[in-house]
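Peer 1: Here you go, one structure.
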Amino acid sequence: MAIRSKNKVTTNFNMSSMTDIVFLLLIFFIIASTLISPNSLDVELPKASHMSPRPQTVSISITKDLAYAVNDNIVNKEDIESQVLALMEGEDNPGIILNADKSVPIENVVVIMDIANRNKLKLVLATASN
């Protein structure tokens, strides 16, 4: 006499619950991806011809041959900070306007930006008007 079990184990797998989870995740990621803006710097700048800039205390220029000038006086790269601080002594709202040639490497511009950041000075990067 052969003994047979009344409980048979089926090897079928029901995919309906798995597809529900996948569709819910898909909907979540579609909605979440629309909230992320990849071009977050889409800014329309005001025209320079319609407004006059606030006068800055010191003007720093960098020429294409990497010569530095503070208020049209040629100075060494190492002396820029001391010259700027001497010119801004006693100013209530000091600011720097930076005129850099477009061919100047960014490292040279960052040097001036670092000087302004260390001394908590406002810095404006000059651009050409249209």
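Ordering of the structure tokens sets the chain letters (A, B, ...), residue numbers begin anew at 1 in every chain, and ligands are numbered from 1 in the order given.
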With a distance cut-off of 8 Å and only C-alpha atoms, select the neighbouring residues of segment 105-108 of chain A, excluding the residue or stretch itself and same-chain residues fewer than 3 positions from it, and output the selection as a list in words.
Peer 2: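 Listing them by chain and then by number gives Leu66, Val111 and Ile112 of chain A.
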Peer 1: So the first atom is atom CA of Ser33 of chain A and the second is atom CA of Thr19 of chain A; what is the distance between them in Å, to one decimal place?
Peer 2: 20.9 Å
Peer 1: Do you have the atom CA of Glu78 of chain A-atom CA of Val109 of chain A distance handy?
Peer 2: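 Atom CA of Glu78 of chain A sits 13.9 Å away from atom CA of Val109 of chain A.
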Peer 1: So which residues touch Ser103 of chain A within 10 Å, counting only C-alpha atoms, skipping near sequence neighbours fewer than 4 positions away, as a PyMOL selection string?
Peer 2: chain A and resi 62-66
Peer 1: How would the residues just picked look written out with N, CA and C atoms as a PDB file, in the first residue's frame?
Peer 2:
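Output saved as selection11.pdb:
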```
ATOM      1  N   ILE A  62      43.370  91.812 -14.714  1.00  0.00           N
ATOM      2  CA  ILE A  62      44.302  90.764 -15.096  1.00  0.00           C
ATOM      3  C   ILE A  62      44.360  90.767 -16.618  1.00  0.00           C
ATOM      4  N   THR A  63      45.536  91.042 -17.183  1.00  0.00           N
ATOM      5  CA  THR A  63      45.677  91.091 -18.633  1.00  0.00           C
ATOM      6  C   THR A  63      45.921  89.698 -19.185  1.00  0.00           C
ATOM      7  N   LYS A  64      45.901  89.585 -20.515  1.00  0.00           N
ATOM      8  CA  LYS A  64      46.080  88.268 -21.126  1.00  0.00           C
ATOM      9  C   LYS A  64      47.480  87.712 -20.933  1.00  0.00           C
ATOM     10  N   ASP A  65      48.467  88.578 -20.640  1.00  0.00           N
ATOM     11  CA  ASP A  65      49.810  88.085 -20.343  1.00  0.00           C
ATOM     12  C   ASP A  65      50.024  87.915 -18.839  1.00  0.00           C
ATOM     13  N   LEU A  66      48.918  87.839 -18.077  1.00  0.00           N
ATOM     14  CA  LEU A  66      48.874  87.570 -16.640  1.00  0.00           C
ATOM     15  C   LEU A  66      49.570  88.648 -15.798  1.00  0.00           C
TER      16      LEU A  66
END
```
Peer 1: One decimal, in Å: what's the spacing between atom CA of Ile60 of chain A and atom CA of Ile80 of chain A?
Peer 2: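 A separation of 8.7 Å between them.
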Peer 1: As a PDB file with C-alpha atoms, in the first residue's frame, please: the residues near Gln83 of chain A (cut-off 8 Å, only C-alpha atoms, same-chain neighbours under 4 positions excluded).
Peer 2:
```
ATOM      1  CA  VAL A  70      45.256  97.392  -8.794  1.00  0.00           C
ATOM      2  CA  ASP A  79      51.344  92.155  -3.197  1.00  0.00           C
ATOM      3  CA  LEU A  87      43.128 101.062  -0.393  1.00  0.00           C
TER       4      LEU A  87
END
```
Peer 1: Can you tell me, as a list in words, what residues are no more than 10 Å from segment 113-120 of chain A when counting only C-alpha atoms, ignoring any on the same chain fewer than 2 positions away?
Peer 2: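 Selected residues are Ile80, Glu81, Ser82, Val84, Leu85, Pro94, Gly95, Ile96, Leu98, Glu107, Asn108, Val109, Val110, Val111, Lys122, Leu123, Val124 and Leu125 of chain A.
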Peer 1: Using only C-alpha atoms, please write the residues we just selected to a file, as a PDB file, in the first residue's frame.
Peer 2:
```pdb
ATOM      1  CA  ILE A  80      47.723  92.313  -4.349  1.00  0.00           C
ATOM      2  CA  GLU A  81      46.172  91.569  -0.967  1.00  0.00           C
ATOM      3  CA  SER A  82      48.189  94.184   0.914  1.00  0.00           C
ATOM      4  CA  VAL A  84      43.744  96.088  -1.724  1.00  0.00           C
ATOM      5  CA  LEU A  85      43.520  96.195   2.073  1.00  0.00           C
ATOM      6  CA  PRO A  94      34.175  97.894   0.441  1.00  0.00           C
ATOM      7  CA  GLY A  95      33.986  96.142  -2.884  1.00  0.00           C
ATOM      8  CA  ILE A  96      36.241  94.898  -5.676  1.00  0.00           C
ATOM      9  CA  LEU A  98      37.545  92.271 -11.227  1.00  0.00           C
ATOM     10  CA  GLU A 107      43.220  79.673 -11.545  1.00  0.00           C
ATOM     11  CA  ASN A 108      44.337  83.298 -11.784  1.00  0.00           C
ATOM     12  CA  VAL A 109      40.798  84.584 -11.273  1.00  0.00           C
ATOM     13  CA  VAL A 110      40.323  82.285  -8.270  1.00  0.00           C
ATOM     14  CA  VAL A 111      43.360  83.892  -6.593  1.00  0.00           C
ATOM     15  CA  LYS A 122      32.281  91.927  -2.080  1.00  0.00           C
ATOM     16  CA  LEU A 123      33.537  90.953  -5.525  1.00  0.00           C
ATOM     17  CA  VAL A 124      31.978  91.773  -8.875  1.00  0.00           C
ATOM     18  CA  LEU A 125      33.237  90.136 -12.048  1.00  0.00           C
TER      19      LEU A 125
END
```
